[in-house]
Amino acid sequence: GLSRPCLENHFTAGQEDGERAYRVKPHIRNMVSFNYLNFNDPAWPMSGPFDFIFCRNALIYFDRVKQGEYVGKMAALLKPGGYLYLGHSE
């Protein structure tokens, strides 16, 4: 559903498993970081501030008290006006 200029500016077209596929170009990919996190560690390994935080299929394993604690810690890592995305299972 992306426009042709958006695809050309931000993605490289190719093939994967015989089907058309796209890879994000480095100028976009370099703005993203992926980190592993043990929610129970007292000190999280990232410091922010972040524009976006995506969390999916993680909080469902904790009780409501811990969920609230972890969501609060994630929210504190966001820039003002940042977005916290929780997955559909959360």
# chains A, B, ... in the order shown; residues from 1 in each chain; ligands from 1
>>> residues_around(residues="range 69-80 of chain A", least_positions_apart="5", cutoff="8 Å", atoms="only C-alpha atoms", output="list of chain:residue names")
A:Phe39, A:Ser47, A:Gly48, A:Pro49, A:Phe50, A:Asp51, A:Phe52, A:Ile53
>>> select_by_dssp(residues="range 24-87 of chain A", states="strand (DSSP E or B)", output="number ranges by chain")
A: 24, 50-55, 78-86
>>> write_last_selection(atoms="N, CA, C and O atoms", output="short mmCIF file (atom, residue, chain, number, x, y, z; two decimals), in the first residue's frame")
data_model
loop_
_atom_site.label_atom_id
_atom_site.label_comp_id
_atom_site.auth_asym_id
_atom_site.auth_seq_id
_atom_site.Cartn_x
_atom_site.Cartn_y
_atom_site.Cartn_z
N VAL A 24 14.47 -2.77 4.09
CA VAL A 24 14.58 -1.37 4.47
C VAL A 24 16.00 -0.90 4.17
O VAL A 24 16.97 -1.58 4.52
N PHE A 50 13.37 7.45 23.71
CA PHE A 50 12.99 6.82 22.46
C PHE A 50 11.75 7.48 21.88
O PHE A 50 10.87 7.93 22.61
N ASP A 51 11.68 7.51 20.55
CA ASP A 51 10.49 8.00 19.85
C ASP A 51 9.37 6.96 19.92
O ASP A 51 8.20 7.31 20.04
N PHE A 52 9.75 5.68 19.81
CA PHE A 52 8.80 4.58 19.80
C PHE A 52 9.37 3.43 20.61
O PHE A 52 10.58 3.19 20.59
N ILE A 53 8.51 2.71 21.29
CA ILE A 53 8.86 1.45 21.92
C ILE A 53 7.78 0.45 21.52
O ILE A 53 6.58 0.74 21.65
N PHE A 54 8.19 -0.69 21.00
CA PHE A 54 7.26 -1.74 20.61
C PHE A 54 7.45 -2.93 21.56
O PHE A 54 8.57 -3.41 21.74
N CYS A 55 6.39 -3.40 22.15
CA CYS A 55 6.44 -4.53 23.07
C CYS A 55 5.31 -5.47 22.68
O CYS A 55 4.14 -5.09 22.70
N LEU A 78 10.41 7.05 27.08
CA LEU A 78 9.95 7.73 25.86
C LEU A 78 10.27 9.22 25.88
O LEU A 78 10.26 9.85 26.94
N LYS A 79 10.51 9.77 24.68
CA LYS A 79 10.59 11.21 24.53
C LYS A 79 9.20 11.79 24.79
O LYS A 79 8.19 11.09 24.61
N PRO A 80 9.10 13.06 25.16
CA PRO A 80 7.77 13.67 25.24
C PRO A 80 7.06 13.53 23.90
O PRO A 80 7.63 13.81 22.84
N GLY A 81 5.85 13.04 23.93
CA GLY A 81 5.10 12.81 22.70
C GLY A 81 5.44 11.50 22.01
O GLY A 81 4.92 11.22 20.93
N GLY A 82 6.31 10.66 22.64
CA GLY A 82 6.67 9.37 22.06
C GLY A 82 5.51 8.39 22.13
O GLY A 82 4.50 8.64 22.78
N TYR A 83 5.67 7.26 21.45
CA TYR A 83 4.61 6.26 21.36
C TYR A 83 5.07 4.93 21.95
O TYR A 83 6.16 4.46 21.65
N LEU A 84 4.21 4.34 22.74
CA LEU A 84 4.42 3.00 23.28
C LEU A 84 3.38 2.09 22.64
O LEU A 84 2.18 2.29 22.82
N TYR A 85 3.84 1.12 21.85
CA TYR A 85 2.97 0.18 21.18
C TYR A 85 3.02 -1.15 21.90
O TYR A 85 4.09 -1.74 22.04
N LEU A 86 1.86 -1.61 22.35
CA LEU A 86 1.76 -2.91 22.99
C LEU A 86 1.07 -3.84 22.02
O LEU A 86 0.10 -3.45 21.37
#
>>> residues_around(residues="Lys25 in chain A", least_positions_apart="4", cutoff="8 Å", atoms="only C-alpha atoms", output="ChimeraX atom specification")
/A:10-12,29
>>> atom_distance(atom1="CA of Ser33 in chain A", atom2="CA of Leu59 in chain A")
20.2 Å
>>> atom_distance(atom1="CA of Gly87 in chain A", atom2="CA of Phe62 in chain A")
14.4 Å
>>> residues_around(residues="Asn9 in chain A", least_positions_apart="2", cutoff="12 Å", atoms="only C-alpha atoms", output="number ranges by chain")
A: 2-7, 11-13, 22-28
>>> write_last_selection(atoms="N, CA, C and O atoms", output="tab-separated table (two decimals), in the first residue's frame")
chain	number	residue	atom	x	y	z
A	2	LEU	N	2.16	1.16	-0.10
A	2	LEU	CA	3.01	2.35	-0.12
A	2	LEU	C	3.12	2.90	-1.54
A	2	LEU	O	3.07	2.15	-2.51
A	3	SER	N	3.31	4.20	-1.64
A	3	SER	CA	3.47	4.82	-2.95
A	3	SER	C	4.79	4.38	-3.59
A	3	SER	O	5.73	3.99	-2.90
A	4	ARG	N	4.87	4.48	-4.89
A	4	ARG	CA	6.08	4.13	-5.62
A	4	ARG	C	7.27	4.96	-5.14
A	4	ARG	O	8.34	4.41	-4.86
A	5	PRO	N	7.15	6.30	-4.97
A	5	PRO	CA	8.29	7.08	-4.47
A	5	PRO	C	8.74	6.64	-3.08
A	5	PRO	O	9.94	6.59	-2.79
A	6	CYS	N	7.80	6.31	-2.21
A	6	CYS	CA	8.17	5.85	-0.86
A	6	CYS	C	8.94	4.53	-0.95
A	6	CYS	O	9.96	4.36	-0.29
A	7	LEU	N	8.44	3.59	-1.74
A	7	LEU	CA	9.14	2.32	-1.91
A	7	LEU	C	10.55	2.53	-2.45
A	7	LEU	O	11.50	1.94	-1.95
A	11	PHE	N	13.16	1.57	0.40
A	11	PHE	CA	13.24	0.11	0.34
A	11	PHE	C	13.99	-0.34	-0.91
A	11	PHE	O	13.99	0.33	-1.93
A	12	THR	N	14.61	-1.52	-0.80
A	12	THR	CA	15.25	-2.17	-1.93
A	12	THR	C	14.42	-3.40	-2.27
A	12	THR	O	14.16	-4.24	-1.39
A	13	ALA	N	13.99	-3.51	-3.51
A	13	ALA	CA	13.17	-4.64	-3.94
A	13	ALA	C	14.07	-5.83	-4.27
A	13	ALA	O	15.20	-5.66	-4.74
A	22	TYR	N	10.90	-6.85	0.08
A	22	TYR	CA	11.53	-5.54	0.23
A	22	TYR	C	12.38	-5.53	1.49
A	22	TYR	O	12.02	-6.10	2.50
A	23	ARG	N	13.52	-4.84	1.40
A	23	ARG	CA	14.39	-4.62	2.56
A	23	ARG	C	14.46	-3.12	2.82
A	23	ARG	O	14.53	-2.32	1.89
A	24	VAL	N	14.47	-2.77	4.09
A	24	VAL	CA	14.58	-1.37	4.47
A	24	VAL	C	16.00	-0.90	4.17
A	24	VAL	O	16.97	-1.58	4.52
A	25	LYS	N	16.12	0.26	3.53
A	25	LYS	CA	17.44	0.79	3.19
A	25	LYS	C	18.17	1.26	4.46
A	25	LYS	O	17.54	1.58	5.47
A	26	PRO	N	19.51	1.27	4.42
A	26	PRO	CA	20.31	1.61	5.60
A	26	PRO	C	19.98	2.94	6.26
A	26	PRO	O	20.04	3.06	7.48
A	27	HIS	N	19.61	3.97	5.49
A	27	HIS	CA	19.33	5.27	6.12
A	27	HIS	C	18.14	5.20	7.07
A	27	HIS	O	18.05	5.99	7.99
A	28	ILE	N	17.26	4.25	6.88
A	28	ILE	CA	16.14	4.04	7.81
A	28	ILE	C	16.54	3.03	8.88
A	28	ILE	O	16.34	3.22	10.07
>>> decode(residues="range 48-63 of chain A", atoms="all heavy atoms", output="CSV table (one decimal), in the first residue's frame")
chain,number,residue,atom,x,y,z
A,48,GLY,N,17.3,5.4,26.6
A,48,GLY,CA,16.4,6.3,26.0
A,48,GLY,C,17.0,7.7,25.9
A,48,GLY,O,18.2,7.9,26.1
A,49,PRO,N,16.2,8.7,25.5
A,49,PRO,CA,14.8,8.6,25.3
A,49,PRO,C,14.5,8.1,23.9
A,49,PRO,O,15.3,8.3,22.9
A,49,PRO,CB,14.3,10.1,25.4
A,49,PRO,CG,15.5,10.9,25.0
A,49,PRO,CD,16.7,10.1,25.5
A,50,PHE,N,13.4,7.5,23.7
A,50,PHE,CA,13.0,6.8,22.5
A,50,PHE,C,11.8,7.5,21.9
A,50,PHE,O,10.9,7.9,22.6
A,50,PHE,CB,12.7,5.3,22.7
A,50,PHE,CG,13.9,4.6,23.2
A,50,PHE,CD1,14.0,4.1,24.5
A,50,PHE,CD2,14.9,4.2,22.3
A,50,PHE,CE1,15.0,3.4,24.9
A,50,PHE,CE2,16.0,3.5,22.8
A,50,PHE,CZ,16.1,3.1,24.1
A,51,ASP,N,11.7,7.5,20.5
A,51,ASP,CA,10.5,8.0,19.9
A,51,ASP,C,9.4,7.0,19.9
A,51,ASP,O,8.2,7.3,20.0
A,51,ASP,CB,10.8,8.3,18.4
A,51,ASP,CG,11.8,9.4,18.2
A,51,ASP,OD1,11.5,10.5,18.7
A,51,ASP,OD2,12.8,9.2,17.6
A,52,PHE,N,9.8,5.7,19.8
A,52,PHE,CA,8.8,4.6,19.8
A,52,PHE,C,9.4,3.4,20.6
A,52,PHE,O,10.6,3.2,20.6
A,52,PHE,CB,8.6,4.0,18.4
A,52,PHE,CG,8.1,5.0,17.4
A,52,PHE,CD1,9.0,5.8,16.6
A,52,PHE,CD2,6.8,5.3,17.2
A,52,PHE,CE1,8.6,6.7,15.7
A,52,PHE,CE2,6.3,6.2,16.3
A,52,PHE,CZ,7.2,6.9,15.5
A,53,ILE,N,8.5,2.7,21.3
A,53,ILE,CA,8.9,1.4,21.9
A,53,ILE,C,7.8,0.5,21.5
A,53,ILE,O,6.6,0.7,21.7
A,53,ILE,CB,8.9,1.5,23.5
A,53,ILE,CG1,10.1,2.5,23.9
A,53,ILE,CG2,9.2,0.2,24.1
A,53,ILE,CD1,10.2,2.7,25.4
A,54,PHE,N,8.2,-0.7,21.0
A,54,PHE,CA,7.3,-1.7,20.6
A,54,PHE,C,7.5,-2.9,21.6
A,54,PHE,O,8.6,-3.4,21.7
A,54,PHE,CB,7.5,-2.2,19.2
A,54,PHE,CG,7.3,-1.1,18.2
A,54,PHE,CD1,8.3,-0.3,17.8
A,54,PHE,CD2,6.1,-1.0,17.5
A,54,PHE,CE1,8.1,0.7,16.9
A,54,PHE,CE2,5.9,0.0,16.6
A,54,PHE,CZ,6.9,0.9,16.2
A,55,CYS,N,6.4,-3.4,22.1
A,55,CYS,CA,6.4,-4.5,23.1
A,55,CYS,C,5.3,-5.5,22.7
A,55,CYS,O,4.1,-5.1,22.7
A,55,CYS,CB,6.3,-4.0,24.5
A,55,CYS,SG,6.3,-5.4,25.7
A,56,ARG,N,5.6,-6.7,22.4
A,56,ARG,CA,4.6,-7.6,21.9
A,56,ARG,C,4.8,-9.0,22.6
A,56,ARG,O,6.0,-9.5,22.6
A,56,ARG,CB,4.7,-7.8,20.4
A,56,ARG,CG,3.6,-8.7,19.9
A,56,ARG,CD,3.4,-8.5,18.4
A,56,ARG,NE,2.3,-9.3,18.0
A,56,ARG,CZ,2.4,-10.2,17.0
A,56,ARG,NH1,3.5,-10.3,16.3
A,56,ARG,NH2,1.4,-10.9,16.7
A,57,ASN,N,3.8,-9.6,23.0
A,57,ASN,CA,3.8,-10.9,23.6
A,57,ASN,C,4.7,-11.1,24.7
A,57,ASN,O,5.4,-12.1,24.9
A,57,ASN,CB,4.0,-12.0,22.5
A,57,ASN,CG,2.9,-12.1,21.5
A,57,ASN,OD1,1.8,-11.7,21.8
A,57,ASN,ND2,3.2,-12.6,20.4
A,58,ALA,N,4.9,-10.1,25.6
A,58,ALA,CA,5.8,-10.2,26.7
A,58,ALA,C,5.0,-10.0,28.0
A,58,ALA,O,5.1,-10.8,29.0
A,58,ALA,CB,6.9,-9.2,26.6
A,59,LEU,N,4.2,-9.0,28.1
A,59,LEU,CA,3.5,-8.6,29.3
A,59,LEU,C,2.5,-9.6,29.8
A,59,LEU,O,2.1,-9.7,31.0
A,59,LEU,CB,2.9,-7.2,29.2
A,59,LEU,CG,3.9,-6.1,29.0
A,59,LEU,CD1,3.1,-4.8,28.8
A,59,LEU,CD2,4.8,-6.0,30.2
A,60,ILE,N,2.0,-10.4,28.9
A,60,ILE,CA,1.0,-11.4,29.2
A,60,ILE,C,1.5,-12.5,30.2
A,60,ILE,O,0.7,-13.2,30.8
A,60,ILE,CB,0.5,-12.2,27.9
A,60,ILE,CG1,1.6,-12.9,27.2
A,60,ILE,CG2,-0.3,-11.2,27.0
A,60,ILE,CD1,1.1,-13.7,26.0
A,61,TYR,N,2.8,-12.5,30.4
A,61,TYR,CA,3.3,-13.5,31.3
A,61,TYR,C,3.5,-13.0,32.7
A,61,TYR,O,4.0,-13.7,33.6
A,61,TYR,CB,4.7,-14.0,30.8
A,61,TYR,CG,4.6,-14.7,29.5
A,61,TYR,CD1,4.9,-14.0,28.3
A,61,TYR,CD2,4.1,-16.0,29.4
A,61,TYR,CE1,4.8,-14.6,27.1
A,61,TYR,CE2,4.0,-16.6,28.1
A,61,TYR,CZ,4.3,-15.9,27.0
A,61,TYR,OH,4.2,-16.5,25.8
A,62,PHE,N,3.0,-11.8,33.0
A,62,PHE,CA,3.2,-11.2,34.3
A,62,PHE,C,1.8,-10.8,34.9
A,62,PHE,O,0.8,-10.5,34.1
A,62,PHE,CB,4.1,-9.9,34.2
A,62,PHE,CG,5.4,-10.2,33.7
A,62,PHE,CD1,5.8,-9.9,32.4
A,62,PHE,CD2,6.4,-10.7,34.5
A,62,PHE,CE1,7.0,-10.2,31.9
A,62,PHE,CE2,7.7,-11.0,34.1
A,62,PHE,CZ,8.0,-10.7,32.7
A,63,ASP,N,1.7,-10.7,36.2
A,63,ASP,CA,0.5,-10.2,36.8
A,63,ASP,C,0.3,-8.7,36.6
A,63,ASP,O,1.2,-8.0,36.1
A,63,ASP,CB,0.4,-10.6,38.3
A,63,ASP,CG,1.5,-9.9,39.1
A,63,ASP,OD1,1.8,-8.8,38.8
A,63,ASP,OD2,2.0,-10.5,40.1
